[in-house]
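Undergrad: Structure: final.cif, mmCIF, C-alpha atoms and all ligand atoms.
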```
data_my_file
loop_
_atom_site.group_PDB
_atom_site.id
_atom_site.type_symbol
_atom_site.label_atom_id
_atom_site.label_comp_id
_atom_site.auth_asym_id
_atom_site.auth_seq_id
_atom_site.Cartn_x
_atom_site.Cartn_y
_atom_site.Cartn_z
ATOM 1 C CA MET V 19 109.819 129.290 132.495
ATOM 2 C CA LYS V 20 109.259 125.633 131.822
ATOM 3 C CA LYS V 21 105.706 126.371 130.699
ATOM 4 C CA LEU V 22 106.934 129.028 128.308
ATOM 5 C CA TYR V 23 109.486 126.596 126.908
ATOM 6 C CA THR V 24 106.791 123.937 126.361
ATOM 7 C CA PHE V 25 104.538 126.521 124.729
ATOM 8 C CA CYS V 26 107.318 127.627 122.356
ATOM 9 C CA LEU V 27 108.075 124.027 121.542
ATOM 10 C CA LEU V 28 104.411 123.358 120.751
ATOM 11 C CA LEU V 29 104.297 126.466 118.585
ATOM 12 C CA PHE V 30 107.396 125.289 116.767
ATOM 13 C CA PHE V 31 105.906 121.868 116.039
ATOM 14 C CA ALA V 32 102.545 123.330 115.020
ATOM 15 C CA ASN V 33 104.349 125.646 112.651
ATOM 16 C CA THR V 34 106.459 122.839 111.258
ATOM 17 C CA PHE V 35 103.393 120.686 110.808
ATOM 18 C CA LEU V 36 101.443 123.417 109.049
ATOM 19 C CA HIS V 37 104.197 124.419 106.715
ATOM 20 C CA ALA V 38 106.054 121.205 106.123
ATOM 21 C CA GLN V 39 105.304 118.989 103.157
ATOM 22 C CA ILE V 40 102.507 121.016 101.725
ATOM 23 C CA LYS V 41 103.759 120.281 98.224
ATOM 24 C CA LYS V 42 103.530 116.907 96.515
ATOM 25 C CA VAL V 43 105.377 115.227 93.689
ATOM 26 C CA CYS V 44 105.185 111.888 91.924
ATOM 27 C CA VAL V 45 108.392 110.428 90.468
ATOM 28 C CA THR V 46 107.972 108.805 87.044
ATOM 29 C CA ILE V 47 110.864 107.176 85.233
ATOM 30 C CA ASP V 48 110.713 106.595 81.483
ATOM 31 C CA ASP V 49 112.261 104.363 78.841
ATOM 32 C CA LEU V 50 112.751 101.308 81.047
ATOM 33 C CA PRO V 51 114.474 98.963 81.502
ATOM 34 C CA THR V 52 117.418 101.359 80.939
ATOM 35 C CA VAL V 53 118.639 104.220 78.791
ATOM 36 C CA VAL V 54 122.250 103.671 77.810
ATOM 37 C CA TYR V 55 124.115 105.654 75.188
ATOM 38 C CA HIS V 56 127.647 104.328 75.053
ATOM 39 C CA VAL V 57 127.921 101.480 77.539
ATOM 40 C CA ALA V 58 125.667 98.490 76.902
ATOM 41 C CA SER V 59 126.869 95.612 79.086
ATOM 42 C CA GLU V 60 124.279 93.751 81.153
ATOM 43 C CA GLU V 61 126.328 94.280 84.350
ATOM 44 C CA TYR V 62 126.230 98.029 83.783
ATOM 45 C CA LYS V 63 122.467 97.969 83.196
ATOM 46 C CA LEU V 64 121.834 95.828 86.270
ATOM 47 C CA GLU V 65 123.943 98.033 88.529
ATOM 48 C CA LEU V 66 122.252 101.133 87.123
ATOM 49 C CA THR V 67 118.801 99.642 87.798
ATOM 50 C CA LYS V 68 119.727 98.452 91.283
ATOM 51 C CA ASN V 69 121.032 101.915 92.199
ATOM 52 C CA ILE V 70 117.857 103.661 91.122
ATOM 53 C CA VAL V 71 115.631 101.150 92.917
ATOM 54 C CA LYS V 72 117.810 101.220 96.062
ATOM 55 C CA THR V 73 117.677 105.017 96.234
ATOM 56 C CA LEU V 74 113.901 105.064 95.805
ATOM 57 C CA LYS V 75 113.453 102.418 98.479
ATOM 58 C CA LYS V 76 115.873 104.007 100.940
ATOM 59 C CA ASN V 77 114.080 107.333 100.644
ATOM 60 C CA ARG V 78 110.610 105.742 100.643
ATOM 61 C CA VAL V 79 109.774 107.280 97.294
ATOM 62 C CA PRO V 80 106.991 105.502 95.404
ATOM 63 C CA ALA V 81 107.660 105.522 91.670
ATOM 64 C CA ILE V 82 106.399 104.230 88.369
ATOM 65 C CA GLY V 83 108.585 103.146 85.460
ATOM 66 C CA PHE V 84 107.310 103.359 81.885
ATOM 67 C CA VAL V 85 108.614 100.567 79.675
ATOM 68 C CA ASN V 86 109.490 100.236 75.988
ATOM 69 C CA GLU V 87 109.222 96.479 75.508
ATOM 70 C CA VAL V 88 111.297 96.585 72.311
ATOM 71 C CA LYS V 89 114.270 96.745 74.678
ATOM 72 C CA LEU V 90 113.363 93.343 76.125
ATOM 73 C CA TYR V 91 114.168 91.532 72.885
ATOM 74 C CA GLU V 92 117.463 90.423 71.458
ATOM 75 C CA ASN V 93 117.508 89.018 67.928
ATOM 76 C CA GLY V 94 113.789 88.419 68.120
ATOM 77 C CA ASN V 95 113.907 86.519 71.407
ATOM 78 C CA VAL V 96 112.975 87.724 74.860
ATOM 79 C CA SER V 97 116.128 88.516 76.812
ATOM 80 C CA GLN V 98 115.762 87.149 80.345
ATOM 81 C CA GLU V 99 118.459 89.560 81.511
ATOM 82 C CA GLU V 100 116.386 92.523 80.357
ATOM 83 C CA VAL V 101 113.232 91.081 81.940
ATOM 84 C CA ASN V 102 115.215 90.633 85.182
ATOM 85 C CA LEU V 103 115.827 94.377 85.208
ATOM 86 C CA LEU V 104 112.074 94.970 85.286
ATOM 87 C CA GLU V 105 111.680 92.333 87.993
ATOM 88 C CA THR V 106 114.213 94.292 90.040
ATOM 89 C CA TRP V 107 111.699 97.159 89.956
ATOM 90 C CA LEU V 108 108.683 95.034 90.749
ATOM 91 C CA LYS V 109 110.358 93.128 93.589
ATOM 92 C CA ASP V 110 110.674 96.383 95.475
ATOM 93 C CA GLY V 111 107.041 97.311 95.007
ATOM 94 C CA LEU V 112 107.525 99.793 92.200
ATOM 95 C CA GLU V 113 104.942 100.020 89.439
ATOM 96 C CA LEU V 114 105.298 99.648 85.690
ATOM 97 C CA GLY V 115 103.396 101.376 82.907
ATOM 98 C CA ASN V 116 103.136 101.299 79.105
ATOM 99 C CA HIS V 117 105.315 103.705 77.070
ATOM 100 C CA THR V 118 104.545 102.006 73.713
ATOM 101 C CA TYR V 119 106.558 99.113 72.314
ATOM 102 C CA SER V 120 109.152 101.119 70.422
ATOM 103 C CA HIS V 121 108.825 104.733 71.597
ATOM 104 C CA LEU V 122 107.023 106.072 68.522
ATOM 105 C CA SER V 123 105.910 109.655 68.236
ATOM 106 C CA TYR V 124 102.149 109.901 67.815
ATOM 107 C CA HIS V 125 102.812 113.076 65.817
ATOM 108 C CA ASN V 126 104.386 111.255 62.898
ATOM 109 C CA THR V 127 102.674 107.855 63.146
ATOM 110 C CA SER V 128 99.195 106.861 61.962
ATOM 111 C CA PHE V 129 96.558 106.221 64.607
ATOM 112 C CA ILE V 130 96.435 102.516 63.700
ATOM 113 C CA ALA V 131 100.211 102.028 63.805
ATOM 114 C CA PHE V 132 100.503 103.962 67.054
ATOM 115 C CA THR V 133 97.737 102.128 68.880
ATOM 116 C CA ASP V 134 99.032 98.757 67.605
ATOM 117 C CA ASN V 135 102.367 99.765 69.128
ATOM 118 C CA ILE V 136 100.674 100.372 72.483
ATOM 119 C CA ILE V 137 99.137 96.878 72.442
ATOM 120 C CA GLU V 138 102.456 95.378 71.312
ATOM 121 C CA GLY V 139 104.089 97.156 74.243
ATOM 122 C CA GLU V 140 102.027 95.522 76.999
ATOM 123 C CA LYS V 141 102.602 91.799 76.390
ATOM 124 C CA ILE V 142 105.402 91.081 78.846
ATOM 125 C CA ASP V 143 104.681 93.830 81.368
ATOM 126 C CA LYS V 144 101.069 92.780 81.849
ATOM 127 C CA GLU V 145 102.205 89.254 82.758
ATOM 128 C CA LEU V 146 104.926 90.589 85.049
ATOM 129 C CA ALA V 147 102.458 92.853 86.821
ATOM 130 C CA LYS V 148 100.213 89.834 87.431
ATOM 131 C CA LYS V 149 103.146 87.830 88.773
ATOM 132 C CA TYR V 150 103.943 90.587 91.270
ATOM 133 C CA ASN V 151 100.292 91.284 92.007
ATOM 134 C CA THR V 152 100.556 94.918 91.023
ATOM 135 C CA GLU V 153 98.355 97.070 88.822
ATOM 136 C CA TYR V 154 99.283 97.818 85.242
ATOM 137 C CA LYS V 155 97.117 100.624 83.904
ATOM 138 C CA TYR V 156 99.111 103.795 83.237
ATOM 139 C CA PHE V 157 100.266 105.094 79.878
ATOM 140 C CA ARG V 158 102.950 107.695 79.146
ATOM 141 C CA HIS V 159 103.043 109.397 75.733
ATOM 142 C CA PRO V 160 106.527 109.100 74.162
ATOM 143 C CA PHE V 161 108.088 112.557 73.595
ATOM 144 C CA LEU V 162 105.014 113.875 75.462
ATOM 145 C CA ASN V 163 103.299 113.959 72.067
ATOM 146 C CA ILE V 164 99.563 113.748 72.752
ATOM 147 C CA GLY V 165 98.327 114.664 69.261
ATOM 148 C CA LYS V 166 98.833 117.709 67.079
ATOM 149 C CA THR V 167 95.096 118.384 66.827
ATOM 150 C CA LYS V 168 92.111 118.034 69.128
ATOM 151 C CA ASP V 169 90.710 115.236 66.949
ATOM 152 C CA ALA V 170 93.949 113.244 67.066
ATOM 153 C CA ALA V 171 94.257 113.709 70.830
ATOM 154 C CA ASP V 172 90.590 112.785 71.412
ATOM 155 C CA SER V 173 90.915 109.595 69.342
ATOM 156 C CA LEU V 174 93.893 108.483 71.402
ATOM 157 C CA THR V 175 92.175 109.378 74.676
ATOM 158 C CA GLN V 176 89.185 107.280 73.592
ATOM 159 C CA PHE V 177 91.458 104.356 72.655
ATOM 160 C CA LEU V 178 93.222 104.488 76.020
ATOM 161 C CA LYS V 179 89.875 104.529 77.814
ATOM 162 C CA GLU V 180 88.586 101.543 75.856
ATOM 163 C CA HIS V 181 91.742 99.619 76.749
ATOM 164 C CA HIS V 182 91.570 100.597 80.436
ATOM 165 C CA TYR V 183 94.623 102.825 80.375
ATOM 166 C CA ILE V 184 95.001 106.074 82.275
ATOM 167 C CA ALA V 185 97.332 108.674 80.759
ATOM 168 C CA SER V 186 100.135 109.922 82.975
ATOM 169 C CA PRO V 187 100.713 113.643 82.305
ATOM 170 C CA VAL V 188 104.100 115.217 83.093
ATOM 171 C CA THR V 189 104.400 118.581 84.786
ATOM 172 C CA ILE V 190 108.144 118.786 85.576
ATOM 173 C CA ASP V 191 110.574 117.941 82.781
ATOM 174 C CA ASN V 192 114.150 118.593 83.873
ATOM 175 C CA GLN V 193 115.604 117.494 80.498
ATOM 176 C CA ASP V 194 117.781 114.914 82.228
ATOM 177 C CA TYR V 195 118.416 113.067 78.941
ATOM 178 C CA LEU V 196 120.571 115.906 77.615
ATOM 179 C CA PHE V 197 122.795 115.818 80.694
ATOM 180 C CA ALA V 198 122.813 112.011 80.822
ATOM 181 C CA GLN V 199 124.386 111.694 77.375
ATOM 182 C CA LYS V 200 127.253 114.018 78.317
ATOM 183 C CA TYR V 201 127.636 112.244 81.640
ATOM 184 C CA GLU V 202 128.037 108.846 80.042
ATOM 185 C CA GLN V 203 130.467 110.243 77.463
ATOM 186 C CA ALA V 204 132.604 111.573 80.322
ATOM 187 C CA LEU V 205 132.329 108.230 82.137
ATOM 188 C CA LEU V 206 133.618 106.442 79.071
ATOM 189 C CA LYS V 207 136.606 108.798 78.949
ATOM 190 C CA GLU V 208 137.062 108.261 82.708
ATOM 191 C CA ASP V 209 136.965 112.037 83.044
ATOM 192 C CA LYS V 210 135.794 112.429 86.642
ATOM 193 C CA ASP V 211 135.985 116.232 86.597
ATOM 194 C CA GLU V 212 133.726 116.386 83.565
ATOM 195 C CA MET V 213 131.286 113.908 85.139
ATOM 196 C CA GLU V 214 131.073 116.083 88.231
ATOM 197 C CA LYS V 215 130.677 119.233 86.172
ATOM 198 C CA VAL V 216 127.782 117.690 84.211
ATOM 199 C CA ALA V 217 126.151 116.355 87.383
ATOM 200 C CA ASN V 218 126.366 119.723 89.152
ATOM 201 C CA ALA V 219 124.896 121.468 86.111
ATOM 202 C CA TYR V 220 122.112 118.860 86.104
ATOM 203 C CA LEU V 221 121.216 119.508 89.738
ATOM 204 C CA GLU V 222 121.310 123.298 89.249
ATOM 205 C CA HIS V 223 119.134 123.025 86.144
ATOM 206 C CA THR V 224 116.640 120.843 88.032
ATOM 207 C CA LYS V 225 116.310 123.523 90.742
ATOM 208 C CA LYS V 226 115.649 126.204 88.121
ATOM 209 C CA LYS V 227 113.121 124.000 86.371
ATOM 210 C CA ILE V 228 111.232 123.347 89.621
ATOM 211 C CA ASP V 229 111.131 127.135 90.226
ATOM 212 C CA TYR V 230 109.738 127.614 86.732
ATOM 213 C CA TYR V 231 107.000 124.979 87.018
ATOM 214 C CA GLU V 232 106.059 126.122 90.532
ATOM 215 C CA MET V 233 105.679 129.621 89.105
ATOM 216 C CA LEU V 234 103.435 128.309 86.296
ATOM 217 C CA SER V 235 101.371 126.407 88.864
ATOM 218 C CA GLU V 236 100.934 129.521 91.000
ATOM 219 C CA LYS V 237 100.001 131.734 88.036
ATOM 220 C CA THR V 238 97.625 129.194 86.494
ATOM 221 C CA PHE V 239 96.009 127.491 89.496
ATOM 222 C CA LYS V 240 96.787 130.018 92.264
ATOM 223 C CA ARG V 241 98.294 127.176 94.279
ATOM 224 C CA GLN V 242 100.965 124.502 94.136
ATOM 225 C CA ILE V 243 99.419 121.564 92.316
ATOM 226 C CA ALA V 244 100.694 118.022 92.886
ATOM 227 C CA GLN V 245 103.563 117.744 90.399
ATOM 228 C CA THR V 246 104.691 114.836 88.227
ATOM 229 C CA LEU V 247 108.414 114.629 87.610
ATOM 230 C CA LEU V 248 109.694 112.944 84.467
ATOM 231 C CA ILE V 249 113.196 111.491 84.483
ATOM 232 C CA HIS V 250 114.770 108.540 82.683
ATOM 233 C CA ALA V 251 116.389 105.267 83.734
ATOM 234 C CA ASN V 252 119.941 106.427 82.966
ATOM 235 C CA LYS V 253 123.336 106.338 84.684
ATOM 236 C CA LEU V 254 123.149 110.011 85.688
ATOM 237 C CA ASN V 255 120.021 109.333 87.748
ATOM 238 C CA ALA V 256 121.465 106.072 89.047
ATOM 239 C CA ASP V 257 124.274 108.191 90.545
ATOM 240 C CA TYR V 258 122.370 111.373 91.458
ATOM 241 C CA LEU V 259 118.751 110.438 92.195
ATOM 242 C CA ALA V 260 119.397 110.854 95.939
ATOM 243 C CA ASP V 261 120.422 114.472 95.279
ATOM 244 C CA ILE V 262 117.316 115.080 93.171
ATOM 245 C CA ILE V 263 115.197 113.705 96.026
ATOM 246 C CA LYS V 264 116.995 116.026 98.465
ATOM 247 C CA ILE V 265 116.222 119.028 96.259
ATOM 248 C CA PHE V 266 112.507 118.248 96.501
ATOM 249 C CA GLU V 267 112.680 117.499 100.238
ATOM 250 C CA LYS V 268 114.361 120.853 100.896
ATOM 251 C CA ARG V 269 111.356 122.465 99.233
ATOM 252 C CA ASP V 270 108.950 120.586 101.518
ATOM 253 C CA TYR V 271 107.743 118.118 98.948
ATOM 254 C CA LEU V 272 106.074 114.877 99.926
ATOM 255 C CA PHE V 273 106.545 111.986 97.496
ATOM 256 C CA ILE V 274 103.326 110.380 96.320
ATOM 257 C CA SER V 275 102.285 107.641 93.895
ATOM 258 C CA GLN V 276 100.950 107.910 90.362
ATOM 259 C CA THR V 277 97.448 107.116 91.638
ATOM 260 C CA GLU V 278 97.677 109.784 94.357
ATOM 261 C CA VAL V 279 98.974 112.539 92.088
ATOM 262 C CA LEU V 280 96.053 112.152 89.668
ATOM 263 C CA LYS V 281 93.624 112.854 92.507
ATOM 264 C CA ASP V 282 94.652 116.507 92.248
ATOM 265 C CA LYS V 283 91.833 118.106 90.276
ATOM 266 C CA ALA V 284 94.337 120.126 88.247
ATOM 267 C CA TYR V 285 94.773 116.986 86.157
ATOM 268 C CA SER V 286 91.138 117.184 85.033
ATOM 269 C CA GLU V 287 91.720 120.690 83.680
ATOM 270 C CA PRO V 288 90.824 120.506 79.980
ATOM 271 C CA ILE V 289 93.400 121.074 77.265
ATOM 272 C CA THR V 290 92.050 123.174 74.422
ATOM 273 C CA LYS V 291 95.192 124.165 72.535
ATOM 274 C CA TYR V 292 97.051 121.649 70.395
ATOM 275 C CA GLY V 293 100.193 121.751 68.304
ATOM 276 C CA PRO V 294 103.377 119.856 67.433
ATOM 277 C CA TRP V 295 104.543 120.042 71.039
ATOM 278 C CA GLY V 296 106.148 117.726 73.534
ATOM 279 C CA ILE V 297 105.707 119.937 76.565
ATOM 280 C CA SER V 298 104.726 119.936 80.228
ATOM 281 C CA TRP V 299 101.012 119.790 81.013
ATOM 282 C CA LEU V 300 101.526 122.967 83.033
ATOM 283 C CA GLU V 301 102.531 124.666 79.793
ATOM 284 C CA ARG V 302 99.489 123.174 78.060
ATOM 285 C CA TRP V 303 97.238 124.468 80.848
ATOM 286 C CA VAL V 304 98.832 127.932 80.636
ATOM 287 C CA MET V 305 97.871 128.042 76.955
ATOM 288 C CA SER V 306 94.458 126.439 77.431
ATOM 289 C CA LYS V 307 93.398 128.596 80.375
ATOM 290 C CA GLY V 308 94.590 131.792 78.719
ATOM 291 C CA THR V 309 97.229 132.515 81.348
ATOM 292 C CA ASN V 310 99.888 134.975 80.079
ATOM 293 C CA LYS V 311 101.783 132.973 77.454
ATOM 294 C CA ASN V 312 104.885 135.132 77.938
ATOM 295 C CA LEU V 313 105.495 133.154 81.126
ATOM 296 C CA LEU V 314 106.613 130.261 78.933
ATOM 297 C CA LYS V 315 109.565 132.366 77.788
ATOM 298 C CA LEU V 316 110.936 132.059 81.330
ATOM 299 C CA ASN V 317 111.610 128.338 80.786
ATOM 300 C CA PRO V 318 115.274 127.945 81.863
ATOM 301 C CA GLU V 319 117.693 127.015 79.106
ATOM 302 C CA VAL V 320 120.086 124.102 79.301
ATOM 303 C CA PRO V 321 123.709 125.327 79.763
ATOM 304 C CA ALA V 322 125.529 125.769 76.432
ATOM 305 C CA PHE V 323 128.103 123.062 77.182
ATOM 306 C CA ILE V 324 125.292 120.552 77.618
ATOM 307 C CA ALA V 325 123.152 121.695 74.685
ATOM 308 C CA GLY V 326 126.091 121.838 72.215
ATOM 309 C CA GLU V 327 127.700 118.850 70.559
HETATM 310 ZN ZN ZN C 401 110.339 108.160 76.599
#
```
So, in terms of C-alpha cells, how does the structure I just supplied come out?
Ligand SMILES: [Zn+2]
TA:
Amino acid sequence: MKKLYTFCLLLFFANTFLHAQIKKVCVTIDDLPTVVYHVASEEYKLELTKNIVKTLKKNRVPAIGFVNEVKLYENGNVSQEEVNLLETWLKDGLELGNHTYSHLSYHNTSFIAFTDNIIEGEKIDKELAKKYNTEYKYFRHPFLNIGKTKDAADSLTQFLKEHHYIASPVTIDNQDYLFAQKYEQALLKEDKDEMEKVANAYLEHTKKKIDYYEMLSEKTFKRQIAQTLLIHANKLNADYLADIIKIFEKRDYLFISQTEVLKDKAYSEPITKYGPWGISWLERWVMSKGTNKNLLKLNPEVPAFIAGE
C-alpha cells in the first residue's frame, strides 16, 4: 500500500513537473518613470513606483522599464526626484531601456528627428545603468510604430543596430492605459466602487487578451511562444500588478527576462507586411506568415464604459 502511495506521489510530481510552467512571459513596463493623468505629486509618483517594484520583487518577476527621459526634466533642469524614481527600479535589479526622449511616433516623424530623439533619450539612463552596473541596450518603439513601410522599418532597424540597441517587440498588449485613466479619475473622485469596477474589468480584459494572443501563437507557430507583456507605470498597475501576475501564474507561466524572451526563435520570424499600425508582433506575424487574417477580428474589445468618454 505504501509502495502504491509512493508511486502515485511520484506520478503526481512527474506530471506536475511536465505540465507546470511550460509557458513563458517577460514583463515590460513603458513610459517610465510614471504615467499619471490627474495626480502629479512627487509623493504619489514615488509610492506608485515603490508599489510596482515591491510587487515585482516579492513575486520574483524580472522586468524591464522603458523610459521617456523628457519626464526627468522640470523647467529645463534635471529633476532629482524623477531620477530617484528610476533609481528605485535599478536598486532592485530591474533593467531600463530606451523609449525615445519624448515618445514620438515614428509614423509621423522624419527619420532624422526620430533617431535624434532616441539619442536624446539615452543620456541620463546610460549613466544610471553604469552606476548600477546593469546593461542598457533595449529599445521599445513608442505606440508600437515600427515604420509604415519596409524601407522605413529597415532604416530604423539599421540605426538601432549601429547604435547597439536591440528592439523589444510586444506580443501581449492588454490596453492597460485605457483602464488606468478611468481608474485615476475614480481615485480623484474618491469613488471606491468605480475604482473596483474598473480594476475588475481590467483583470477580466487581461484574461481575454491572453486567450487571444495564445490562440494567435498556436495558430501561427503551432506552439506557445515566449510572450512579452506590455503594461505601463501607472497607478492601476501599482495597485493590481500582483493580480496580473497571479493570472499568468494560474496559466502556468514562468516569468523571464527581456534577454531570455528574445532567445525564442519566434522573435526572428521576419515581418513582411507593413502599415500604419501599432499592433502586437503576433498580429504582425499572422499577417506576414499568411495565417488566416480573420483571426485578428477575434481581438477582444475594451468594455464600452472604459472605451467611452
Ligand atoms: Zn509608450
Undergrad: For ligand ZN 401 (chain C), return the neighbouring residues as an NGL selection string (distance at most 12 Å; all atoms listed in the file).
TA: :V and (46-53 or 83-87 or 115-123 or 157-163 or 188 or 191 or 193-195 or 248-252 or 296)
Undergrad: Using all atoms listed in the file, can you tell me which of V:Lys200, V:Lys76, V:Leu313, V:Ala325 comes closest to Glu212 in chain V?
TA: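 Looking at the shortest contact to Glu212 in chain V, the residue is V:Lys200.
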Undergrad: Just to confirm, what's the straight-line distance from CA of Glu214 in chain V to CA of Lys75 in chain V in Å (one decimal)?
TA: 24.5 Å
Undergrad: In Å to one decimal, how far is CA of Glu202 in chain V from CA of Val54 in chain V?
TA: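 Going from CA of Val54 in chain V over to CA of Glu202 in chain V, I get 8.1 Å.
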Undergrad: Report the distance between CA of Asp143 in chain V and CA of Val101 in chain V in Å, rounded to one decimal place.
TA: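 Separating CA of Asp143 in chain V from CA of Val101 in chain V is a distance of 9.0 Å.
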Undergrad: Written as a list in words, which residues does the PyMOL selection byres (((chain V and resi 224-228) around 10) and not hetatm) give for the file shown?
TA: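 So the PyMOL selection byres (((chain V and resi 224-228) around 10) and not hetatm) ends up selecting Thr189, Ile190, Asp191, Asn192, Gln193, Asp194, Asn218, Ala219, Tyr220, Leu221, Glu222, His223, Asp229, Tyr230, Tyr231, Glu232, Met233, Leu234, Gln245, Leu247, Ile262, Ile265, Phe266, Arg269, Leu316, Asn317, Pro318, Glu319 and Val320 of chain V.
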Undergrad: Could you name the residues that touch range 65-70 of chain V at 8 Å or less, counting only C-alpha atoms, but leaving out those on the same chain fewer than 4 positions away, as a PyMOL selection string?
TA: chain V and resi 51-52+61+74+103+106-107+251-253+255-257+259
Undergrad: Got a sec: who's within 6 Å of range 281-291 of chain V, counting all atoms listed in the file, leaving out chain neighbours fewer than 2 positions off, as a short mmCIF file (atom, residue, chain, number, x, y, z; two decimals) with C-alpha atoms, keeping the file's coordinate frame?
TA:
```cif
data_model
loop_
_atom_site.label_atom_id
_atom_site.label_comp_id
_atom_site.auth_asym_id
_atom_site.auth_seq_id
_atom_site.Cartn_x
_atom_site.Cartn_y
_atom_site.Cartn_z
CA GLU V 278 97.68 109.78 94.36
CA VAL V 279 98.97 112.54 92.09
CA SER V 306 94.46 126.44 77.43
#
```
Undergrad: Evaluate the PyMOL selection byres (((chain V and resi 151) around 12) and not hetatm) on the structure here and hand back the selected residues as a tab-separated table (two decimals) with C-alpha atoms, in the frame of the given file.
TA:
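Output file expr35.tsv follows:
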```tsv
chain	number	residue	atom	x	y	z
V	108	LEU	CA	108.68	95.03	90.75
V	109	LYS	CA	110.36	93.13	93.59
V	111	GLY	CA	107.04	97.31	95.01
V	112	LEU	CA	107.52	99.79	92.20
V	113	GLU	CA	104.94	100.02	89.44
V	114	LEU	CA	105.30	99.65	85.69
V	143	ASP	CA	104.68	93.83	81.37
V	144	LYS	CA	101.07	92.78	81.85
V	145	GLU	CA	102.20	89.25	82.76
V	146	LEU	CA	104.93	90.59	85.05
V	147	ALA	CA	102.46	92.85	86.82
V	148	LYS	CA	100.21	89.83	87.43
V	149	LYS	CA	103.15	87.83	88.77
V	150	TYR	CA	103.94	90.59	91.27
V	152	THR	CA	100.56	94.92	91.02
V	153	GLU	CA	98.36	97.07	88.82
V	154	TYR	CA	99.28	97.82	85.24
```
Undergrad: Which protein, DNA or RNA residues have an atom at most 7 Å from (111.2, 109.7, 93.1), counting only C-alpha atoms? List them as number ranges by chain.
TA: V: 44-46, 74, 79-81, 263, 273
Undergrad: Between V:Tyr124, V:Ile243, V:Thr309, V:Leu64, which one has atoms that come closest to Lys166 in chain V, using all atoms listed in the file?
TA: V:Tyr124
Undergrad: Between V:Leu314, V:Leu280, V:Ala58, V:Leu206, which has the minimum distance to Lys89 in chain V (counting only C-alpha atoms)?
TA: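 Of all the options, V:Ala58 lies closest to Lys89 in chain V.
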Undergrad: Taking into account all atoms listed in the file, which residue in the set V:Ile274, V:Gln199, V:Thr167, V:Ala185 is nearest to His125 in chain V?
TA: V:Thr167
Undergrad: Let me have the centre and edge lengths in Å, one decimal, of the box along x, y and z around every listed atom of range 235-254 of chain V with 4 Å of margin on each side, as JSON.
TA:
```
{"center_x": 109.7, "center_y": 118.5, "center_z": 88.5, "size_x": 35.3, "size_y": 34.5, "size_z": 19.6}
```
Undergrad: Using only C-alpha atoms, can you tell me which of V:Leu196, V:Trp299, V:Ile136, V:Glu208 comes closest to Phe177 in chain V?
TA: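 Between V:Leu196, V:Trp299, V:Ile136, V:Glu208, the residue approaching Phe177 in chain V most closely is V:Ile136.
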Undergrad: Which of these, V:Thr238, V:Asn93, V:Ser59, V:Thr175, has the shortest distance to Met305 in chain V once you count all atoms listed in the file?
TA: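 Counting all atoms listed in the file, the residue closest to Met305 in chain V is V:Thr238.
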Undergrad: Would you list the contacts of Tyr183 in chain V as a list in words, taking every protein, DNA or RNA residue within 6 Å and counting all atoms listed in the file, but skipping same-chain residues closer than 3 positions in sequence?
TA: Lys155, Tyr156, Leu178 and Lys179 of chain V
